[in-house]
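Note sheet for the following structure.
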Amino acid sequence: MDIGKCIYCKNDMINTESFVVFATKEKAHYQCMKKDDELKQKITQKIEKDINNLVGKWMFQLRNIA
């Protein structure tokens with residue numbers, strides 16, 4: 001039975017595939033959702049690392065000014 005299109009890959013899905021339904025009632029293949037979540041986690045980790053590096057540099061500079 002056709003259940004609609006995946007919000008990530010836009011391919012049609014059938015009810016025998018592994019899928020998720022979000023609170024918005026949108027549907028996605030489980031693997032597509034997992035892949036997107038892993039990408040978001042990688043990006044978030046990189047941003048957090050970059051922020052921490054910048055804060056460390058600023059703190060070092062502030063200590064040298066004072």
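Residue numbering restarts at 1 in every chain; chains get A, B, ... in the order shown in the structure tokens, and ligands count up from 1 in that same order.
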
Would you pick out the contacts of Tyr30 of chain A at 12 Å or less, using only C-alpha atoms, so that residues sharing its chain but fewer than 4 positions from it are not included, and give the list as a ChimeraX atom specification?
/A:6-9,13,17-22,34-37

Residues near Asp12 of chain A, anyone? I mean within 10 Å using only C-alpha atoms, not counting same-chain ones fewer than 2 positions away, as a short mmCIF file (atom, residue, chain, number, x, y, z; two decimals) with N, CA, C and O atoms, in the first residue's frame.
```cif
data_model
loop_
_atom_site.label_atom_id
_atom_site.label_comp_id
_atom_site.auth_asym_id
_atom_site.auth_seq_id
_atom_site.Cartn_x
_atom_site.Cartn_y
_atom_site.Cartn_z
N ASP A 2 0.61 2.16 -0.90
CA ASP A 2 1.37 3.42 -1.01
C ASP A 2 1.00 4.32 0.17
O ASP A 2 -0.17 4.51 0.49
N ILE A 3 2.03 4.88 0.83
CA ILE A 3 1.77 5.76 1.98
C ILE A 3 2.24 7.19 1.74
O ILE A 3 2.17 8.02 2.62
N GLY A 4 2.74 7.48 0.56
CA GLY A 4 3.18 8.83 0.23
C GLY A 4 4.67 8.92 -0.04
O GLY A 4 5.35 7.91 -0.15
N LYS A 5 5.15 10.15 -0.14
CA LYS A 5 6.54 10.38 -0.48
C LYS A 5 7.37 10.67 0.77
O LYS A 5 6.89 11.27 1.72
N CYS A 6 8.62 10.26 0.72
CA CYS A 6 9.58 10.54 1.78
C CYS A 6 9.93 12.03 1.72
O CYS A 6 10.22 12.55 0.64
N ILE A 7 9.94 12.70 2.87
CA ILE A 7 10.24 14.14 2.87
C ILE A 7 11.71 14.42 2.56
O ILE A 7 12.07 15.54 2.22
N CYS A 9 14.06 12.03 0.52
CA CYS A 9 14.49 11.60 -0.82
C CYS A 9 13.42 11.79 -1.89
O CYS A 9 13.69 11.64 -3.07
N LYS A 10 12.21 12.10 -1.45
CA LYS A 10 11.06 12.35 -2.35
C LYS A 10 10.58 11.11 -3.10
O LYS A 10 9.72 11.22 -3.97
N ILE A 14 6.11 2.56 0.58
CA ILE A 14 5.02 1.61 0.79
C ILE A 14 5.06 1.13 2.24
O ILE A 14 6.09 1.23 2.91
N ALA A 28 8.79 9.65 6.37
CA ALA A 28 10.14 9.51 5.82
C ALA A 28 10.61 8.08 6.00
O ALA A 28 10.20 7.39 6.94
N HIS A 29 11.47 7.66 5.07
CA HIS A 29 12.16 6.39 5.28
C HIS A 29 13.00 6.51 6.54
O HIS A 29 13.58 7.57 6.80
#
```

Sel. of strand (DSSP E) residues, chain A, as a list in words:
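DSSP-assigned strand (DSSP E) residues in chain A: Asp2, Ile3, Gly4, Lys5, Asp12, Met13, Ile14, Phe19, Val20, Val21, Lys27, Ala28 and His29 of chain A.
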
Enumerate, in order of chain and increasing residue number, the residues of segment 5-43 of chain A with an atom no farther than 12 Å from segment 48-65 of chain A, each with its shortest atom pair and distance in Å to one decimal, counting only C-alpha atoms, as JSON lines.
```
{"residue": "A:Gln41", "atom": "CA", "partner": "A:Glu48", "partner_atom": "CA", "distance": 10.4}
{"residue": "A:Lys42", "atom": "CA", "partner": "A:Glu48", "partner_atom": "CA", "distance": 9.9}
{"residue": "A:Ile43", "atom": "CA", "partner": "A:Glu48", "partner_atom": "CA", "distance": 8.6}
```

Output as a ChimeraX atom specification all residues of chain A that backbone DSSP marks as alpha helix (DSSP H).
/A:30-65
